[in-house]
Amino acid sequence: MRIFVTGASGFLGSYLAADLVAQGHEVTVLLRPGNYHWRLHEISDRLHKITGTLDDVNSWRRTLQTCAPEAIVHMAWRGVAGADRNSPLQAVNVSDTVCLAQLAAEVGATTFVGAGSQAEYGPYDRAIHEDDVAQPTTLYGMAKLAAGSMAMRLCRERKLRAAWLRIFSTYGPKDADHWLIPSMIRNLRCRQHIALTACEQRWGFLHARDAAAAFRLAITSAEASGVFNVGSPDAPPLRETVMRLRDIVDPGAALGFGELAYRPDQVMVLAANVSRVLALGWKPEVQLDEGLQETVNWHVAAQSSV
């Protein structure tokens, strides 16, 4: 299958590109000029590359037409962390997504798949189902919700199959340093004290390889249409996950549980009902202990190569 992917140089996008190439698909990626796309280094010679940005689709539209993609997968997004989640610039992401759905129709693709987020739902005190009411509390979540709704509506009008995959917490090698698991690994390896909340949250973590496999099924399965949750079927107490990670990196390290207060908007349960994606034949393969060990090993190897 010929597949065009935006955001392929990002964390999850790079896993998806590697998964698709490994499965024999012909993958074209959009790469921002001047950036170092290090996450794609191992598969770079197996990718078709278009240099350009989402700000200037017209500069690469004709090149994409010659690639004749059967599916367009939109993984790119601006402002995914920190204060950027409440930046008015989130609105630009909505326009980008709708424009790409329209572009999919114009270049003859039959499938559009987009990366949504659990932030579209807002807080729940139980596992979230796709039918639950979406009540986002950040501009990021609102923009994801609007982008998915508008893109799927446009795809229905243009007779494209569309799937919108709401991603819950993912982890694995090559993740950005500011997220919990990479930052804990770094601090534990440097013997720095780690101040934490009481970590009573129930929090599911899904390895990025498993998330990529879910996206591949949504791209290639004719019955995959609509909204799908992509997350871990299990959501153990966060304290357990933190201690498992500590025991891998530095079993003797003290952890500062309770030294930080919960934020006023603290999400206490981040758990996904994944029955819809399971029905496509998806099943997560990476156990948490295995994935944490792999992630730690990658950080050690990356540091030693510097």
# chains A, B, ... in the order shown; residues from 1 in each chain; ligands from 1
$ residues_around --residues "Ala218 (chain A)" --least-positions-apart "6" --cutoff "9 Å" --atoms "only C-alpha atoms" --output "list in words"
Val113, Ala162, Ala163, Trp164, Leu165, Ala224, Ser225, Phe228, Val277 and Leu280 of chain A
$ residues_around --residues "Gln135 (chain A)" --least-positions-apart "5" --cutoff "7 Å" --atoms "only C-alpha atoms" --output "JSON, numbers by chain"
{"A": [120, 121, 122]}
$ residues_around --residues "Phe215 (chain A)" --least-positions-apart "5" --cutoff "9 Å" --atoms "only C-alpha atoms" --output "PyMOL selection string"
chain A and resi 16+73+113-115+165+210+220+230
$ select_by_dssp --residues "region 120-260 of chain A" --states "helix (DSSP H, G or I)" --output "number ranges by chain"
A: 120, 139-158, 180-189, 208-220, 238-249
$ write_last_selection --atoms "C-alpha atoms" --output "short mmCIF file (atom, residue, chain, number, x, y, z; two decimals), in the first residue's frame"
data_model
loop_
_atom_site.label_atom_id
_atom_site.label_comp_id
_atom_site.auth_asym_id
_atom_site.auth_seq_id
_atom_site.Cartn_x
_atom_site.Cartn_y
_atom_site.Cartn_z
CA GLU A 120 -10.26 15.22 23.86
CA LEU A 139 -6.97 24.18 23.97
CA TYR A 140 -4.88 21.21 22.85
CA GLY A 141 -7.73 18.81 23.61
CA MET A 142 -10.29 21.16 22.05
CA ALA A 143 -8.19 21.49 18.89
CA LYS A 144 -7.75 17.72 18.61
CA LEU A 145 -11.50 17.21 19.02
CA ALA A 146 -12.35 19.87 16.44
CA ALA A 147 -9.71 18.62 14.00
CA GLY A 148 -10.93 15.04 14.16
CA SER A 149 -14.61 15.96 13.90
CA MET A 150 -14.09 18.27 10.93
CA ALA A 151 -11.71 15.96 9.09
CA MET A 152 -14.04 12.97 9.42
CA ARG A 153 -17.02 15.03 8.29
CA LEU A 154 -15.11 16.19 5.21
CA CYS A 155 -14.00 12.63 4.48
CA ARG A 156 -17.59 11.40 4.59
CA GLU A 157 -18.54 14.06 2.05
CA ARG A 158 -15.60 13.10 -0.20
CA LEU A 180 7.79 11.27 32.85
CA ILE A 181 9.58 8.04 31.96
CA PRO A 182 12.56 9.58 30.09
CA SER A 183 13.01 12.29 32.71
CA MET A 184 12.94 9.72 35.52
CA ILE A 185 15.53 7.57 33.75
CA ARG A 186 17.80 10.57 33.29
CA ASN A 187 17.48 11.72 36.90
CA LEU A 188 17.90 8.23 38.36
CA ARG A 189 21.02 7.62 36.29
CA ALA A 208 5.09 2.99 20.98
CA ARG A 209 5.55 -0.18 18.89
CA ASP A 210 2.13 -1.37 19.96
CA ALA A 211 0.61 2.04 19.25
CA ALA A 212 2.17 1.99 15.77
CA ALA A 213 0.68 -1.44 15.12
CA ALA A 214 -2.78 -0.07 16.00
CA PHE A 215 -2.31 2.74 13.48
CA ARG A 216 -1.21 0.27 10.82
CA LEU A 217 -4.38 -1.75 11.31
CA ALA A 218 -6.49 1.42 11.09
CA ILE A 219 -4.74 2.30 7.82
CA THR A 220 -5.01 -1.12 6.19
CA LEU A 238 1.40 5.11 38.88
CA ARG A 239 3.41 4.43 42.04
CA GLU A 240 3.89 0.82 40.88
CA THR A 241 5.20 1.87 37.47
CA VAL A 242 7.54 4.44 39.00
CA MET A 243 8.94 1.85 41.42
CA ARG A 244 9.39 -0.71 38.63
CA LEU A 245 11.38 1.85 36.67
CA ARG A 246 13.44 2.77 39.77
CA ASP A 247 14.24 -0.91 40.38
CA ILE A 248 15.59 -1.27 36.83
CA VAL A 249 17.78 1.85 36.91
#
$ atom_distance --atom1 "CA of Ser59 (chain A)" --atom2 "CA of Gly13 (chain A)"
22.4 Å
$ residues_around --residues "Asn273 (chain A)" --least-positions-apart "5" --cutoff "8 Å" --atoms "only C-alpha atoms" --output "ChimeraX atom specification"
/A:127-130,229,231,233
$ select_by_dssp --residues "region 60-260 of chain A" --states "strand (DSSP E)" --output "count of residues only"
33
$ residues_around --residues "His37 (chain A)" --least-positions-apart "4" --cutoff "10 Å" --atoms "only C-alpha atoms" --output "number ranges by chain"
A: 8-10, 14, 31-33, 41, 44
$ closest_residue --among "A:Arg166, A:Arg2, A:His207, A:His299" --to "Cys67 (chain A)" --atoms "only C-alpha atoms"
A:Arg2
$ closest_atom_pairs --of "region 261-298 of chain A" --to "region 168-175 of chain A" --cutoff "12 Å" --atoms "only C-alpha atoms" --output "JSON lines"
{"residue": "A:Val269", "atom": "CA", "partner": "A:Phe168", "partner_atom": "CA", "distance": 11.3}
{"residue": "A:Leu270", "atom": "CA", "partner": "A:Phe168", "partner_atom": "CA", "distance": 7.5}
{"residue": "A:Ala271", "atom": "CA", "partner": "A:Phe168", "partner_atom": "CA", "distance": 7.7}
{"residue": "A:Ala272", "atom": "CA", "partner": "A:Phe168", "partner_atom": "CA", "distance": 7.1}
{"residue": "A:Asn273", "atom": "CA", "partner": "A:Phe168", "partner_atom": "CA", "distance": 10.4}
{"residue": "A:Val274", "atom": "CA", "partner": "A:Phe168", "partner_atom": "CA", "distance": 10.4}
{"residue": "A:Pro284", "atom": "CA", "partner": "A:Thr170", "partner_atom": "CA", "distance": 11.9}
{"residue": "A:Val286", "atom": "CA", "partner": "A:Gly172", "partner_atom": "CA", "distance": 10.2}
{"residue": "A:Gln287", "atom": "CA", "partner": "A:Gly172", "partner_atom": "CA", "distance": 11.7}
{"residue": "A:Leu288", "atom": "CA", "partner": "A:Tyr171", "partner_atom": "CA", "distance": 9.8}
{"residue": "A:Asp289", "atom": "CA", "partner": "A:Gly172", "partner_atom": "CA", "distance": 11.5}
{"residue": "A:Glu290", "atom": "CA", "partner": "A:Gly172", "partner_atom": "CA", "distance": 10.3}
{"residue": "A:Gly291", "atom": "CA", "partner": "A:Gly172", "partner_atom": "CA", "distance": 6.6}
{"residue": "A:Leu292", "atom": "CA", "partner": "A:Gly172", "partner_atom": "CA", "distance": 7.3}
{"residue": "A:Gln293", "atom": "CA", "partner": "A:Gly172", "partner_atom": "CA", "distance": 9.5}
{"residue": "A:Glu294", "atom": "CA", "partner": "A:Pro173", "partner_atom": "CA", "distance": 7.2}
{"residue": "A:Thr295", "atom": "CA", "partner": "A:Pro173", "partner_atom": "CA", "distance": 4.8}
{"residue": "A:Val296", "atom": "CA", "partner": "A:Pro173", "partner_atom": "CA", "distance": 7.9}
{"residue": "A:Asn297", "atom": "CA", "partner": "A:Pro173", "partner_atom": "CA", "distance": 8.5}
{"residue": "A:Trp298", "atom": "CA", "partner": "A:Pro173", "partner_atom": "CA", "distance": 5.8}
$ closest_residue --among "A:Thr138, A:Ser304, A:Thr28, A:Ser232" --to "Asp84 (chain A)" --atoms "only C-alpha atoms"
A:Thr138
$ closest_residue --among "A:Ala71, A:Val133, A:Val80, A:Ala17" --to "Ser221 (chain A)" --atoms "only C-alpha atoms"
A:Ala71
$ decode --residues "region 257-306 of chain A" --atoms "N, CA and C atoms" --output "PDB file, in the first residue's frame"
ATOM      1  N   PHE A 257       8.014  10.411  47.126  1.00  0.00           N
ATOM      2  CA  PHE A 257       6.563  10.356  47.005  1.00  0.00           C
ATOM      3  C   PHE A 257       5.916  11.353  47.968  1.00  0.00           C
ATOM      4  N   GLY A 258       4.959  12.112  47.448  1.00  0.00           N
ATOM      5  CA  GLY A 258       4.220  13.052  48.269  1.00  0.00           C
ATOM      6  C   GLY A 258       4.884  14.400  48.457  1.00  0.00           C
ATOM      7  N   GLU A 259       6.061  14.590  47.869  1.00  0.00           N
ATOM      8  CA  GLU A 259       6.756  15.868  48.030  1.00  0.00           C
ATOM      9  C   GLU A 259       6.163  16.960  47.143  1.00  0.00           C
ATOM     10  N   LEU A 260       5.439  16.558  46.118  1.00  0.00           N
ATOM     11  CA  LEU A 260       4.765  17.519  45.247  1.00  0.00           C
ATOM     12  C   LEU A 260       3.259  17.393  45.427  1.00  0.00           C
ATOM     13  N   ALA A 261       2.578  18.510  45.411  1.00  0.00           N
ATOM     14  CA  ALA A 261       1.113  18.488  45.472  1.00  0.00           C
ATOM     15  C   ALA A 261       0.552  18.163  44.101  1.00  0.00           C
ATOM     16  N   TYR A 262      -0.614  17.564  44.085  1.00  0.00           N
ATOM     17  CA  TYR A 262      -1.304  17.366  42.822  1.00  0.00           C
ATOM     18  C   TYR A 262      -1.702  18.723  42.244  1.00  0.00           C
ATOM     19  N   ARG A 263      -1.662  18.825  40.915  1.00  0.00           N
ATOM     20  CA  ARG A 263      -2.154  20.042  40.274  1.00  0.00           C
ATOM     21  C   ARG A 263      -3.658  20.148  40.473  1.00  0.00           C
ATOM     22  N   PRO A 264      -4.211  21.361  40.426  1.00  0.00           N
ATOM     23  CA  PRO A 264      -5.666  21.501  40.561  1.00  0.00           C
ATOM     24  C   PRO A 264      -6.437  20.706  39.501  1.00  0.00           C
ATOM     25  N   ASP A 265      -5.827  20.545  38.319  1.00  0.00           N
ATOM     26  CA  ASP A 265      -6.501  19.820  37.239  1.00  0.00           C
ATOM     27  C   ASP A 265      -5.922  18.417  37.070  1.00  0.00           C
ATOM     28  N   GLN A 266      -5.319  17.870  38.118  1.00  0.00           N
ATOM     29  CA  GLN A 266      -4.649  16.575  38.028  1.00  0.00           C
ATOM     30  C   GLN A 266      -5.619  15.479  37.565  1.00  0.00           C
ATOM     31  N   VAL A 267      -5.224  14.751  36.532  1.00  0.00           N
ATOM     32  CA  VAL A 267      -5.982  13.591  36.070  1.00  0.00           C
ATOM     33  C   VAL A 267      -5.599  12.399  36.938  1.00  0.00           C
ATOM     34  N   MET A 268      -6.560  11.827  37.631  1.00  0.00           N
ATOM     35  CA  MET A 268      -6.269  10.742  38.567  1.00  0.00           C
ATOM     36  C   MET A 268      -6.453   9.356  37.939  1.00  0.00           C
ATOM     37  N   VAL A 269      -7.179   9.290  36.843  1.00  0.00           N
ATOM     38  CA  VAL A 269      -7.326   8.024  36.120  1.00  0.00           C
ATOM     39  C   VAL A 269      -7.115   8.303  34.638  1.00  0.00           C
ATOM     40  N   LEU A 270      -6.132   7.621  34.051  1.00  0.00           N
ATOM     41  CA  LEU A 270      -5.914   7.712  32.614  1.00  0.00           C
ATOM     42  C   LEU A 270      -5.891   6.285  32.084  1.00  0.00           C
ATOM     43  N   ALA A 271      -7.087   5.822  31.755  1.00  0.00           N
ATOM     44  CA  ALA A 271      -7.270   4.431  31.344  1.00  0.00           C
ATOM     45  C   ALA A 271      -8.176   4.387  30.126  1.00  0.00           C
ATOM     46  N   ALA A 272      -7.838   3.521  29.194  1.00  0.00           N
ATOM     47  CA  ALA A 272      -8.574   3.455  27.925  1.00  0.00           C
ATOM     48  C   ALA A 272      -9.351   2.148  27.815  1.00  0.00           C
ATOM     49  N   ASN A 273     -10.611   2.256  27.434  1.00  0.00           N
ATOM     50  CA  ASN A 273     -11.352   1.092  26.960  1.00  0.00           C
ATOM     51  C   ASN A 273     -10.955   0.900  25.494  1.00  0.00           C
ATOM     52  N   VAL A 274     -10.300  -0.195  25.175  1.00  0.00           N
ATOM     53  CA  VAL A 274      -9.758  -0.390  23.821  1.00  0.00           C
ATOM     54  C   VAL A 274     -10.490  -1.505  23.078  1.00  0.00           C
ATOM     55  N   SER A 275     -11.731  -1.759  23.434  1.00  0.00           N
ATOM     56  CA  SER A 275     -12.469  -2.859  22.813  1.00  0.00           C
ATOM     57  C   SER A 275     -12.623  -2.666  21.304  1.00  0.00           C
ATOM     58  N   ARG A 276     -12.756  -1.417  20.847  1.00  0.00           N
ATOM     59  CA  ARG A 276     -12.946  -1.187  19.405  1.00  0.00           C
ATOM     60  C   ARG A 276     -11.704  -1.561  18.606  1.00  0.00           C
ATOM     61  N   VAL A 277     -10.534  -1.177  19.073  1.00  0.00           N
ATOM     62  CA  VAL A 277      -9.320  -1.504  18.321  1.00  0.00           C
ATOM     63  C   VAL A 277      -8.958  -2.976  18.500  1.00  0.00           C
ATOM     64  N   LEU A 278      -9.308  -3.564  19.625  1.00  0.00           N
ATOM     65  CA  LEU A 278      -9.108  -5.007  19.789  1.00  0.00           C
ATOM     66  C   LEU A 278      -9.921  -5.784  18.759  1.00  0.00           C
ATOM     67  N   ALA A 279     -11.098  -5.277  18.424  1.00  0.00           N
ATOM     68  CA  ALA A 279     -11.955  -5.945  17.446  1.00  0.00           C
ATOM     69  C   ALA A 279     -11.354  -5.946  16.040  1.00  0.00           C
ATOM     70  N   LEU A 280     -10.396  -5.048  15.790  1.00  0.00           N
ATOM     71  CA  LEU A 280      -9.704  -5.041  14.495  1.00  0.00           C
ATOM     72  C   LEU A 280      -8.637  -6.126  14.416  1.00  0.00           C
ATOM     73  N   GLY A 281      -8.374  -6.792  15.546  1.00  0.00           N
ATOM     74  CA  GLY A 281      -7.333  -7.805  15.590  1.00  0.00           C
ATOM     75  C   GLY A 281      -6.058  -7.335  16.257  1.00  0.00           C
ATOM     76  N   TRP A 282      -6.111  -6.138  16.842  1.00  0.00           N
ATOM     77  CA  TRP A 282      -4.928  -5.593  17.528  1.00  0.00           C
ATOM     78  C   TRP A 282      -4.788  -6.211  18.903  1.00  0.00           C
ATOM     79  N   LYS A 283      -3.550  -6.423  19.307  1.00  0.00           N
ATOM     80  CA  LYS A 283      -3.263  -6.891  20.653  1.00  0.00           C
ATOM     81  C   LYS A 283      -1.889  -6.376  21.035  1.00  0.00           C
ATOM     82  N   PRO A 284      -1.768  -5.652  22.162  1.00  0.00           N
ATOM     83  CA  PRO A 284      -0.445  -5.176  22.563  1.00  0.00           C
ATOM     84  C   PRO A 284       0.481  -6.340  22.871  1.00  0.00           C
ATOM     85  N   GLU A 285       1.734  -6.216  22.427  1.00  0.00           N
ATOM     86  CA  GLU A 285       2.693  -7.306  22.557  1.00  0.00           C
ATOM     87  C   GLU A 285       3.761  -7.039  23.615  1.00  0.00           C
ATOM     88  N   VAL A 286       4.039  -5.775  23.918  1.00  0.00           N
ATOM     89  CA  VAL A 286       5.157  -5.440  24.792  1.00  0.00           C
ATOM     90  C   VAL A 286       4.664  -5.299  26.230  1.00  0.00           C
ATOM     91  N   GLN A 287       5.130  -6.196  27.092  1.00  0.00           N
ATOM     92  CA  GLN A 287       4.795  -6.098  28.515  1.00  0.00           C
ATOM     93  C   GLN A 287       5.524  -4.910  29.131  1.00  0.00           C
ATOM     94  N   LEU A 288       4.950  -4.330  30.185  1.00  0.00           N
ATOM     95  CA  LEU A 288       5.496  -3.100  30.749  1.00  0.00           C
ATOM     96  C   LEU A 288       6.940  -3.276  31.228  1.00  0.00           C
ATOM     97  N   ASP A 289       7.225  -4.354  31.947  1.00  0.00           N
ATOM     98  CA  ASP A 289       8.595  -4.554  32.442  1.00  0.00           C
ATOM     99  C   ASP A 289       9.584  -4.657  31.287  1.00  0.00           C
ATOM    100  N   GLU A 290       9.189  -5.382  30.245  1.00  0.00           N
ATOM    101  CA  GLU A 290      10.047  -5.526  29.067  1.00  0.00           C
ATOM    102  C   GLU A 290      10.281  -4.176  28.394  1.00  0.00           C
ATOM    103  N   GLY A 291       9.217  -3.408  28.256  1.00  0.00           N
ATOM    104  CA  GLY A 291       9.327  -2.110  27.590  1.00  0.00           C
ATOM    105  C   GLY A 291      10.152  -1.111  28.387  1.00  0.00           C
ATOM    106  N   LEU A 292       9.977  -1.127  29.713  1.00  0.00           N
ATOM    107  CA  LEU A 292      10.777  -0.230  30.549  1.00  0.00           C
ATOM    108  C   LEU A 292      12.258  -0.583  30.471  1.00  0.00           C
ATOM    109  N   GLN A 293      12.561  -1.888  30.495  1.00  0.00           N
ATOM    110  CA  GLN A 293      13.958  -2.304  30.399  1.00  0.00           C
ATOM    111  C   GLN A 293      14.556  -1.884  29.063  1.00  0.00           C
ATOM    112  N   GLU A 294      13.809  -2.086  27.993  1.00  0.00           N
ATOM    113  CA  GLU A 294      14.279  -1.681  26.670  1.00  0.00           C
ATOM    114  C   GLU A 294      14.542  -0.175  26.613  1.00  0.00           C
ATOM    115  N   THR A 295      13.658   0.585  27.213  1.00  0.00           N
ATOM    116  CA  THR A 295      13.800   2.046  27.202  1.00  0.00           C
ATOM    117  C   THR A 295      15.023   2.482  27.989  1.00  0.00           C
ATOM    118  N   VAL A 296      15.229   1.875  29.143  1.00  0.00           N
ATOM    119  CA  VAL A 296      16.418   2.182  29.940  1.00  0.00           C
ATOM    120  C   VAL A 296      17.682   1.815  29.161  1.00  0.00           C
ATOM    121  N   ASN A 297      17.681   0.637  28.539  1.00  0.00           N
ATOM    122  CA  ASN A 297      18.855   0.207  27.771  1.00  0.00           C
ATOM    123  C   ASN A 297      19.165   1.191  26.654  1.00  0.00           C
ATOM    124  N   TRP A 298      18.124   1.701  26.007  1.00  0.00           N
ATOM    125  CA  TRP A 298      18.346   2.664  24.924  1.00  0.00           C
ATOM    126  C   TRP A 298      18.974   3.947  25.457  1.00  0.00           C
ATOM    127  N   HIS A 299      18.493   4.432  26.588  1.00  0.00           N
ATOM    128  CA  HIS A 299      19.055   5.650  27.171  1.00  0.00           C
ATOM    129  C   HIS A 299      20.519   5.449  27.556  1.00  0.00           C
ATOM    130  N   VAL A 300      20.847   4.284  28.096  1.00  0.00           N
ATOM    131  CA  VAL A 300      22.231   4.010  28.468  1.00  0.00           C
ATOM    132  C   VAL A 300      23.123   3.998  27.228  1.00  0.00           C
ATOM    133  N   ALA A 301      22.646   3.314  26.176  1.00  0.00           N
ATOM    134  CA  ALA A 301      23.428   3.236  24.942  1.00  0.00           C
ATOM    135  C   ALA A 301      23.569   4.615  24.293  1.00  0.00           C
ATOM    136  N   ALA A 302      22.494   5.406  24.308  1.00  0.00           N
ATOM    137  CA  ALA A 302      22.545   6.728  23.695  1.00  0.00           C
ATOM    138  C   ALA A 302      23.525   7.622  24.428  1.00  0.00           C
ATOM    139  N   GLN A 303      23.555   7.527  25.753  1.00  0.00           N
ATOM    140  CA  GLN A 303      24.466   8.359  26.538  1.00  0.00           C
ATOM    141  C   GLN A 303      25.920   7.940  26.315  1.00  0.00           C
ATOM    142  N   SER A 304      26.143   6.639  26.196  1.00  0.00           N
ATOM    143  CA  SER A 304      27.517   6.160  26.028  1.00  0.00           C
ATOM    144  C   SER A 304      28.084   6.487  24.656  1.00  0.00           C
ATOM    145  N   SER A 305      27.186   6.753  23.684  1.00  0.00           N
ATOM    146  CA  SER A 305      27.652   7.059  22.331  1.00  0.00           C
ATOM    147  C   SER A 305      27.939   8.547  22.145  1.00  0.00           C
ATOM    148  N   VAL A 306      27.592   9.371  23.151  1.00  0.00           N
ATOM    149  CA  VAL A 306      27.806  10.819  23.042  1.00  0.00           C
ATOM    150  C   VAL A 306      29.283  11.151  23.227  1.00  0.00           C
TER     151      VAL A 306
END
